[in-house]
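*Asks:* I am sharing start-v6.tsv, which consists of TSV, C-alpha atoms:
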```tsv
chain	number	residue	atom	x	y	z
G	85	MET	CA	33.60	23.14	-59.28
G	86	ALA	CA	32.85	19.45	-59.60
G	87	LEU	CA	36.28	18.55	-58.19
G	88	LYS	CA	35.70	20.88	-55.25
G	89	LYS	CA	32.39	19.18	-54.52
G	90	LEU	CA	34.02	15.77	-54.90
G	91	PHE	CA	36.60	16.56	-52.15
G	92	SER	CA	34.16	18.40	-49.91
G	93	PRO	CA	34.52	17.52	-46.20
G	94	LYS	CA	31.02	16.21	-46.43
G	95	LYS	CA	32.03	13.58	-49.03
G	96	PRO	CA	33.37	10.11	-48.11
G	97	LEU	CA	36.16	10.44	-50.69
G	98	PHE	CA	37.58	13.41	-48.79
G	99	TRP	CA	37.90	11.36	-45.63
G	100	LEU	CA	39.34	8.46	-47.56
G	101	PHE	CA	42.13	10.59	-49.03
G	102	THR	CA	42.67	12.37	-45.72
G	103	THR	CA	42.99	9.05	-43.95
G	104	LEU	CA	45.37	7.74	-46.58
G	105	ALA	CA	47.48	10.89	-46.36
G	106	LEU	CA	47.66	10.61	-42.59
G	107	LEU	CA	48.56	6.94	-42.87
G	108	PHE	CA	51.29	7.80	-45.35
G	109	VAL	CA	52.72	10.47	-43.05
G	110	TYR	CA	52.58	8.06	-40.12
G	111	LEU	CA	54.26	5.37	-42.22
G	112	ILE	CA	57.05	7.77	-43.12
G	113	TYR	CA	57.42	8.59	-39.43
G	114	VAL	CA	57.49	4.94	-38.38
G	115	LEU	CA	60.06	3.99	-41.00
G	116	PHE	CA	62.33	7.01	-41.22
G	117	ALA	CA	62.10	9.09	-38.06
G	118	PRO	CA	65.23	8.93	-35.85
G	119	ASN	CA	64.59	6.26	-33.22
G	120	ILE	CA	67.92	4.91	-31.91
G	121	PHE	CA	69.94	7.08	-29.55
G	122	SER	CA	72.92	6.67	-27.26
G	123	ASP	CA	73.53	8.77	-24.18
G	124	LYS	CA	77.28	8.19	-24.17
G	125	VAL	CA	78.83	7.52	-27.56
G	126	GLU	CA	78.25	8.24	-31.22
G	127	LYS	CA	78.19	4.53	-32.01
G	128	SER	CA	77.11	1.49	-30.03
G	129	TYR	CA	76.61	-2.15	-30.89
G	130	LEU	CA	73.74	-4.59	-30.69
G	131	CYS	CA	74.73	-8.22	-30.07
G	132	ILE	CA	72.10	-10.84	-30.89
G	133	ARG	CA	72.61	-14.45	-29.82
G	134	ASP	CA	71.26	-17.65	-31.34
G	135	SER	CA	67.56	-18.43	-30.81
G	136	SER	CA	66.68	-14.85	-29.88
G	137	THR	CA	63.11	-13.58	-30.29
G	138	LEU	CA	62.03	-10.11	-31.35
G	139	GLU	CA	61.34	-9.27	-27.71
G	140	VAL	CA	64.88	-10.34	-26.79
G	141	VAL	CA	66.25	-8.21	-29.62
G	142	ILE	CA	64.31	-5.22	-28.31
G	143	ALA	CA	65.59	-5.84	-24.77
G	144	GLU	CA	69.18	-6.05	-26.05
G	145	LEU	CA	68.57	-2.96	-28.16
G	146	ASN	CA	67.48	-1.01	-25.12
G	147	SER	CA	70.51	-2.18	-23.15
G	148	SER	CA	72.89	-1.18	-25.96
G	149	ALA	CA	71.25	2.14	-26.79
G	150	ARG	CA	67.91	3.87	-26.23
G	151	VAL	CA	64.86	3.17	-28.39
G	152	PHE	CA	62.66	6.27	-28.49
G	153	ASN	CA	59.60	4.49	-29.86
G	154	VAL	CA	59.50	0.71	-29.33
G	155	ALA	CA	56.06	0.38	-30.96
G	156	ALA	CA	57.35	2.00	-34.13
G	157	PHE	CA	60.29	-0.41	-34.23
G	158	LYS	CA	57.91	-3.37	-33.87
G	159	GLN	CA	55.69	-2.03	-36.64
G	160	THR	CA	58.69	-1.63	-38.94
G	161	ALA	CA	59.76	-5.21	-38.17
G	162	LEU	CA	56.24	-6.34	-39.17
G	163	LEU	CA	56.15	-4.22	-42.31
G	164	LEU	CA	59.58	-5.43	-43.48
G	165	ASN	CA	58.82	-9.05	-42.58
G	166	TYR	CA	61.64	-9.28	-40.03
G	167	LYS	CA	60.94	-12.80	-38.76
G	168	LYS	CA	64.23	-14.69	-39.01
G	169	ILE	CA	66.43	-13.37	-36.21
G	170	ARG	CA	70.04	-13.60	-37.35
G	171	PRO	CA	72.69	-13.65	-34.59
G	172	GLY	CA	75.52	-11.17	-34.87
G	173	ARG	CA	76.99	-7.84	-33.83
G	174	TYR	CA	75.37	-4.84	-35.48
G	175	GLU	CA	76.48	-1.22	-35.41
G	176	LEU	CA	73.99	1.32	-34.11
G	177	THR	CA	74.50	4.93	-35.09
G	178	GLN	CA	73.14	8.00	-33.33
G	179	GLY	CA	69.65	8.86	-34.62
G	180	MET	CA	69.36	5.67	-36.68
G	181	ASN	CA	65.88	5.09	-38.12
G	182	ASN	CA	63.87	1.88	-37.95
G	183	PHE	CA	64.03	1.20	-41.68
G	184	ASN	CA	67.84	1.15	-41.79
G	185	LEU	CA	68.15	-0.84	-38.58
G	186	VAL	CA	65.62	-3.54	-39.50
G	187	ARG	CA	67.07	-3.83	-43.01
G	188	ILE	CA	70.54	-4.47	-41.51
G	189	LEU	CA	69.19	-6.96	-38.97
G	190	ARG	CA	67.12	-8.79	-41.56
G	191	SER	CA	70.07	-9.18	-43.93
G	192	GLY	CA	72.48	-10.19	-41.14
G	193	ARG	CA	74.94	-7.50	-42.23
G	194	GLN	CA	77.25	-7.55	-39.22
G	195	THR	CA	80.01	-5.18	-38.19
G	196	PRO	CA	83.26	-7.17	-37.76
G	197	VAL	CA	84.99	-7.43	-34.38
G	198	LYS	CA	88.66	-6.65	-33.82
G	199	LEU	CA	89.83	-9.82	-32.06
G	200	THR	CA	92.89	-8.95	-29.99
G	201	PHE	CA	94.40	-10.97	-27.17
G	202	ASN	CA	97.78	-10.81	-25.46
G	203	ASN	CA	99.47	-11.38	-22.12
G	204	ILE	CA	97.61	-14.66	-21.61
G	205	ARG	CA	99.04	-17.36	-19.34
G	206	THR	CA	96.38	-20.06	-19.00
G	207	LYS	CA	93.63	-21.66	-21.04
G	208	GLU	CA	91.12	-20.29	-18.55
G	209	GLN	CA	92.37	-16.75	-19.11
G	210	LEU	CA	92.32	-17.26	-22.88
G	211	ALA	CA	88.76	-18.60	-22.84
G	212	GLY	CA	87.64	-15.72	-20.64
G	213	ARG	CA	89.26	-13.08	-22.83
G	214	LEU	CA	87.92	-14.48	-26.11
G	215	SER	CA	84.39	-14.91	-24.73
G	216	LYS	CA	84.25	-11.15	-24.15
G	217	LEU	CA	84.92	-10.55	-27.84
G	218	VAL	CA	82.77	-13.17	-29.58
G	219	MET	CA	79.47	-14.99	-29.01
G	220	ALA	CA	81.07	-18.24	-27.80
G	221	ASP	CA	81.01	-18.46	-24.01
G	222	SER	CA	84.14	-19.20	-21.97
G	223	LEU	CA	82.93	-22.66	-20.91
G	224	SER	CA	82.45	-23.84	-24.50
G	225	ILE	CA	85.86	-22.44	-25.54
G	226	LEU	CA	87.61	-24.05	-22.57
G	227	SER	CA	85.85	-27.35	-23.21
G	228	LEU	CA	87.11	-27.35	-26.80
G	229	LEU	CA	90.66	-26.53	-25.66
G	230	ASN	CA	90.50	-29.71	-23.57
G	231	ASP	CA	88.80	-31.90	-26.18
G	232	THR	CA	91.39	-34.49	-27.20
G	233	ALA	CA	89.28	-35.94	-30.03
G	234	PHE	CA	88.76	-32.51	-31.61
G	235	LEU	CA	92.37	-31.37	-31.16
G	236	ALA	CA	94.26	-34.48	-32.28
G	237	PRO	CA	93.59	-34.20	-36.05
G	238	LYS	CA	94.97	-30.66	-35.93
G	239	GLY	CA	98.18	-31.69	-34.19
G	240	PHE	CA	97.32	-30.45	-30.70
G	241	ASN	CA	96.33	-31.87	-27.34
G	242	PRO	CA	94.92	-30.28	-24.17
G	243	ALA	CA	98.43	-29.32	-23.01
G	244	THR	CA	99.38	-27.66	-26.32
G	245	SER	CA	96.05	-26.28	-27.59
G	246	ILE	CA	96.88	-22.67	-26.68
G	247	ALA	CA	99.77	-22.82	-29.18
G	248	ASN	CA	97.07	-22.57	-31.87
G	249	PHE	CA	96.46	-18.95	-30.84
G	250	ILE	CA	99.04	-16.49	-32.17
G	251	PRO	CA	98.46	-13.03	-30.62
G	252	ASN	CA	97.61	-10.40	-33.20
G	253	THR	CA	94.62	-8.32	-34.23
G	254	TYR	CA	92.17	-10.30	-36.34
G	255	GLU	CA	88.92	-9.22	-37.93
G	256	VAL	CA	86.14	-11.74	-37.28
G	257	PHE	CA	82.38	-11.83	-37.02
G	258	TRP	CA	81.03	-11.81	-33.48
G	259	ASP	CA	78.67	-14.78	-33.89
G	260	LEU	CA	81.46	-17.39	-33.93
G	261	ASP	CA	80.95	-20.49	-31.82
G	262	ALA	CA	83.90	-22.18	-30.09
G	263	GLN	CA	84.69	-24.53	-32.97
G	264	GLU	CA	84.46	-21.81	-35.62
G	265	LEU	CA	86.74	-19.63	-33.50
G	266	PHE	CA	89.34	-22.38	-33.16
G	267	GLU	CA	89.17	-23.13	-36.88
G	268	ARG	CA	89.70	-19.45	-37.73
G	269	MET	CA	92.68	-19.22	-35.39
G	270	ASN	CA	94.05	-22.45	-36.83
G	271	LYS	CA	93.88	-20.89	-40.29
G	272	GLU	CA	95.87	-17.91	-38.97
G	273	TYR	CA	98.28	-20.33	-37.24
G	274	ASN	CA	99.00	-22.06	-40.54
G	275	ILE	CA	99.51	-18.71	-42.26
G	276	PHE	CA	101.97	-17.65	-39.55
G	277	TRP	CA	103.94	-20.88	-39.77
G	278	THR	CA	105.47	-20.25	-43.18
G	279	ASP	CA	107.86	-22.68	-44.84
G	280	GLU	CA	110.72	-20.44	-43.73
G	281	ARG	CA	109.70	-20.64	-40.08
G	282	LYS	CA	109.15	-24.39	-40.30
G	283	THR	CA	112.61	-24.83	-41.83
G	284	LYS	CA	114.20	-22.85	-39.00
G	285	ALA	CA	112.30	-24.89	-36.42
G	286	ALA	CA	113.38	-28.17	-38.00
G	287	ALA	CA	117.01	-27.02	-37.93
G	288	ILE	CA	116.99	-26.62	-34.12
G	289	PRO	CA	115.36	-29.30	-34.23
G	290	LEU	CA	111.92	-28.53	-32.79
G	291	THR	CA	108.34	-28.78	-34.01
G	292	PRO	CA	106.26	-25.58	-34.25
G	293	VAL	CA	104.43	-26.53	-31.05
G	294	GLU	CA	107.74	-27.15	-29.28
G	295	VAL	CA	108.99	-23.77	-30.50
G	296	ALA	CA	105.87	-22.15	-29.01
G	297	THR	CA	106.49	-24.03	-25.75
G	298	LEU	CA	110.08	-22.83	-25.53
G	299	ALA	CA	109.04	-19.32	-26.57
G	300	SER	CA	106.51	-19.22	-23.73
G	301	ILE	CA	109.31	-20.00	-21.25
G	302	VAL	CA	111.64	-17.42	-22.79
G	303	GLU	CA	108.95	-14.73	-22.60
G	304	GLU	CA	108.27	-15.49	-18.94
G	305	GLU	CA	111.99	-15.53	-18.21
G	306	THR	CA	112.77	-12.08	-19.58
G	307	ASN	CA	110.76	-8.97	-20.34
G	308	GLY	CA	113.49	-7.58	-22.57
G	309	LYS	CA	112.79	-8.32	-26.23
G	310	ALA	CA	116.45	-7.76	-27.12
G	311	GLU	CA	117.51	-10.46	-24.63
G	312	ARG	CA	115.08	-13.14	-25.76
G	313	THR	CA	117.32	-14.52	-28.51
G	314	MET	CA	120.13	-14.92	-25.94
G	315	VAL	CA	117.88	-16.72	-23.46
G	316	ALA	CA	116.51	-18.90	-26.25
G	317	GLY	CA	120.06	-19.83	-27.26
G	318	LEU	CA	120.89	-20.82	-23.68
G	319	TYR	CA	117.87	-23.11	-23.38
G	320	ILE	CA	118.62	-24.67	-26.75
G	321	ASN	CA	122.18	-25.34	-25.54
G	322	ARG	CA	120.71	-27.16	-22.55
G	323	LEU	CA	118.34	-29.19	-24.71
G	324	LYS	CA	121.17	-30.25	-27.00
G	325	THR	CA	123.36	-31.36	-24.08
G	326	ASP	CA	120.48	-33.20	-22.36
G	327	MET	CA	120.69	-30.82	-19.42
G	328	PRO	CA	117.51	-29.92	-17.52
G	329	LEU	CA	116.17	-26.51	-18.50
G	330	GLN	CA	115.79	-25.55	-14.83
G	331	ALA	CA	113.51	-22.71	-15.89
G	332	ASP	CA	111.99	-20.90	-12.93
G	333	PRO	CA	108.82	-19.87	-14.84
G	334	THR	CA	107.90	-23.55	-15.35
G	335	LEU	CA	108.03	-24.06	-11.59
G	336	LYS	CA	105.76	-21.09	-11.04
G	337	PHE	CA	103.37	-22.53	-13.63
G	338	ALA	CA	103.49	-25.93	-11.91
G	339	VAL	CA	102.74	-24.34	-8.55
G	340	GLY	CA	100.11	-22.09	-10.11
G	341	ASP	CA	101.57	-18.86	-8.78
G	342	PHE	CA	103.46	-16.47	-11.08
G	343	SER	CA	103.79	-13.89	-8.30
G	344	ILE	CA	106.53	-15.90	-6.53
G	345	LYS	CA	109.62	-13.73	-6.18
G	346	ARG	CA	111.96	-16.26	-4.62
G	347	LEU	CA	111.79	-19.98	-5.32
G	348	LYS	CA	112.27	-22.36	-2.40
G	349	LEU	CA	113.12	-26.04	-2.03
G	350	GLU	CA	109.44	-26.93	-1.75
G	351	HIS	CA	108.91	-25.46	-5.22
G	352	ILE	CA	111.89	-27.30	-6.71
G	353	LEU	CA	110.62	-30.60	-5.26
G	354	LYS	CA	107.15	-30.09	-6.72
G	355	ILE	CA	106.07	-33.20	-8.61
G	356	SER	CA	104.77	-31.97	-11.94
G	357	PRO	CA	105.50	-32.59	-15.63
G	358	TYR	CA	106.11	-28.83	-15.80
G	359	ASN	CA	108.92	-28.94	-13.23
G	360	THR	CA	111.98	-28.57	-15.46
G	361	TYR	CA	114.27	-28.95	-12.46
G	362	ARG	CA	113.13	-32.55	-12.00
G	363	ASN	CA	112.38	-33.38	-15.65
G	364	LYS	CA	114.64	-33.06	-18.67
G	365	GLY	CA	113.45	-31.59	-21.94
G	366	LEU	CA	110.52	-29.31	-22.61
G	367	PRO	CA	107.36	-29.35	-20.49
G	368	PRO	CA	104.19	-30.86	-22.01
G	369	GLY	CA	103.09	-27.55	-23.52
G	370	PRO	CA	103.34	-23.75	-23.40
G	371	ILE	CA	103.14	-22.03	-20.01
G	372	ARG	CA	101.57	-18.99	-21.67
G	373	VAL	CA	100.32	-17.94	-25.11
G	374	ALA	CA	103.57	-17.27	-26.96
G	375	THR	CA	103.76	-14.10	-29.04
G	376	GLN	CA	105.10	-13.75	-32.56
G	377	ASN	CA	108.14	-11.97	-31.15
G	378	GLY	CA	108.81	-14.78	-28.71
G	379	ILE	CA	108.46	-17.47	-31.36
G	380	ASP	CA	110.75	-15.60	-33.75
G	381	ALA	CA	113.27	-15.14	-30.92
G	382	VAL	CA	113.52	-18.91	-30.61
G	383	LEU	CA	113.71	-19.43	-34.37
G	384	ASN	CA	116.44	-16.79	-34.63
G	385	TYR	CA	118.25	-17.63	-31.40
G	386	VAL	CA	121.79	-16.41	-30.78
G	387	LYS	CA	124.38	-19.17	-31.00
G	388	HIS	CA	126.71	-18.95	-27.98
G	389	ASP	CA	128.27	-21.17	-25.32
G	390	TYR	CA	126.30	-20.00	-22.31
G	391	ILE	CA	124.45	-22.65	-20.28
G	392	PHE	CA	123.84	-20.69	-17.08
G	393	MET	CA	121.98	-17.49	-16.38
G	394	CYS	CA	120.86	-15.60	-13.33
G	395	ALA	CA	118.65	-12.56	-12.96
G	396	LYS	CA	120.65	-9.38	-12.61
G	397	GLU	CA	120.93	-7.85	-9.17
G	398	THR	CA	119.57	-4.62	-10.68
G	399	PHE	CA	116.09	-6.21	-11.01
G	400	ASN	CA	115.67	-4.70	-14.46
G	401	GLY	CA	114.43	-7.98	-15.94
G	402	GLU	CA	117.77	-8.81	-17.59
G	403	HIS	CA	120.23	-11.62	-16.85
G	404	ASN	CA	123.89	-12.33	-16.27
G	405	PHE	CA	125.03	-15.21	-18.48
G	406	ALA	CA	127.81	-17.66	-17.70
G	407	VAL	CA	129.67	-20.56	-19.33
G	408	SER	CA	131.02	-22.12	-16.14
G	409	TYR	CA	129.20	-23.09	-12.98
G	410	ALA	CA	131.71	-21.12	-10.88
G	411	GLU	CA	130.93	-17.94	-12.80
G	412	HIS	CA	127.22	-18.67	-12.43
G	413	GLN	CA	127.60	-19.10	-8.66
G	414	ALA	CA	129.24	-15.70	-8.43
G	415	ASN	CA	126.30	-14.17	-10.34
G	416	ALA	CA	123.83	-16.02	-8.13
G	417	ARG	CA	125.45	-14.71	-4.95
G	418	LYS	CA	125.09	-11.13	-6.20
G	419	TYR	CA	121.40	-11.74	-6.92
G	420	GLN	CA	120.76	-13.46	-3.58
G	421	LYS	CA	122.43	-10.56	-1.76
G	422	ALA	CA	120.18	-8.11	-3.62
G	423	LEU	CA	117.12	-10.16	-2.60
G	424	ASP	CA	118.21	-10.13	1.03
G	425	GLU	CA	118.81	-6.39	0.96
G	426	ARG	CA	115.28	-5.86	-0.34
G	427	GLU	CA	113.94	-8.37	2.21
G	428	ILE	CA	112.41	-10.53	-0.52
G	429	HIS	CA	111.91	-13.98	1.01
```
Have the structure of the file written as structure tokens, please.
*Replies:*
Amino acid sequence: MALKKLFSPKKPLFWLFTTLALLFVYLIYVLFAPNIFSDKVEKSYLCIRDSSTLEVVIAELNSSARVFNVAAFKQTALLLNYKKIRPGRYELTQGMNNFNLVRILRSGRQTPVKLTFNNIRTKEQLAGRLSKLVMADSLSILSLLNDTAFLAPKGFNPATSIANFIPNTYEVFWDLDAQELFERMNKEYNIFWTDERKTKAAAIPLTPVEVATLASIVEEETNGKAERTMVAGLYINRLKTDMPLQADPTLKFAVGDFSIKRLKLEHILKISPYNTYRNKGLPPGPIRVATQNGIDAVLNYVKHDYIFMCAKETFNGEHNFAVSYAEHQANARKYQKALDEREIH
């Protein structure tokens, strides 16, 4: 009876416990009620950059998903003392509650990014592609790829810096800046260049960067993986006999137009260190990001006597190889005739 009187609606203690109970229920709602939703996918990702504020985080959160109750998220951030905003890429799941989200953000527990890049020709393309996958912007990446002082201790220069990037799928954290990204790729570069590969390169003899340069030409020259070792062997024959490479892809790179179907005299006369018709030896650096397959094609090149090649008149991406210039001329005439028949000028 006394207890009933004590918790009577007319007693202050009743209202105190009622208020506390309501506060507890509200707290449970704020912390654990589903609050993050996506209209399109089961999972989405929140990317937070350096120097972000809580308001910026909320804006990014709303652009990545849909926050049902922003006030509740802010209250959770206050309750869990979420003050230090850690940059990174964080996974958002459908129906995620504020407690789990803020706990992840506060601890900086990122979801790794799958860093994949391929079919890259220029530093500008590389910087643009990578900037879409990590926090570093394309301008900072490109600037580093042209930074002689930064590159020199690692054995690169602005002309060869893309050789540091070996296409593959890497797992990295999104909040990498340009230098951290380069350092990570340099670590992978050194893993790729095993003692066995270095020994094969030295036997040619070429440095790893020179192998990547030749591989980039081979890959532009033929789209047939089976033919790459043959093409690599031909170019190595030319290098060993001090004969110009006369590689059409280097001319296209020098001109800045890979869509050229038929090279003309004006292209051959182009003054450029990448013009391998005018200059002997390898160009200053790769004309594209060489793949593992392309590099290994050079390292495992086929030893033969061919020093001439011409695209096949079938336009299937393969080549006719020749030992003598006369045989090469015959192959060239067949190809020129095919170009004329297709009205490619």
*Asks:* Find the residues near G:Phe183: any atom within 10 Å, counting all atoms listed in the file, skip ones fewer than 3 places away on the same chain, and give them as a ChimeraX atom specification.
*Replies:* /G:112,114-119,157,160-161,163-164,180,186-188
*Asks:* Point out the residue among G:Ile320, G:Ala395, G:Val197, G:Leu366 with the least atom-to-atom distance to G:Leu260, counting all atoms listed in the file.
*Replies:*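 For G:Leu260, the nearest of the candidates is G:Val197.
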*Asks:* Near G:Ile428, counting only C-alpha atoms, which residues have an atom at most 12 Å away, once you skip same-chain residues fewer than 6 positions from it, shown as a PyMOL selection string?
*Replies:* chain G and resi 344-348+399+419-422
*Asks:* Can you list, as a ChimeraX atom specification, every protein, DNA or RNA residue that comes within 12 Å of G:Lys336 when you count all atoms listed in the file, leaving out same-chain residues fewer than 3 positions away?
*Replies:* /G:205,301,304-305,330-333,339-348,350-352,354,356,358-361,371-372
*Asks:* Measuring atom to atom with only C-alpha atoms, identify which of G:Asn230, G:Pro367, G:Ile132, G:Gly179 is nearest to G:Ala211.
*Replies:* G:Asn230
*Asks:* Work out how far apart atom CA of G:Leu176 and atom CA of G:Leu111 are and give it in Å to one decimal.
*Replies:*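 We find that atom CA of G:Leu176 and atom CA of G:Leu111 lie 21.7 Å from each other.
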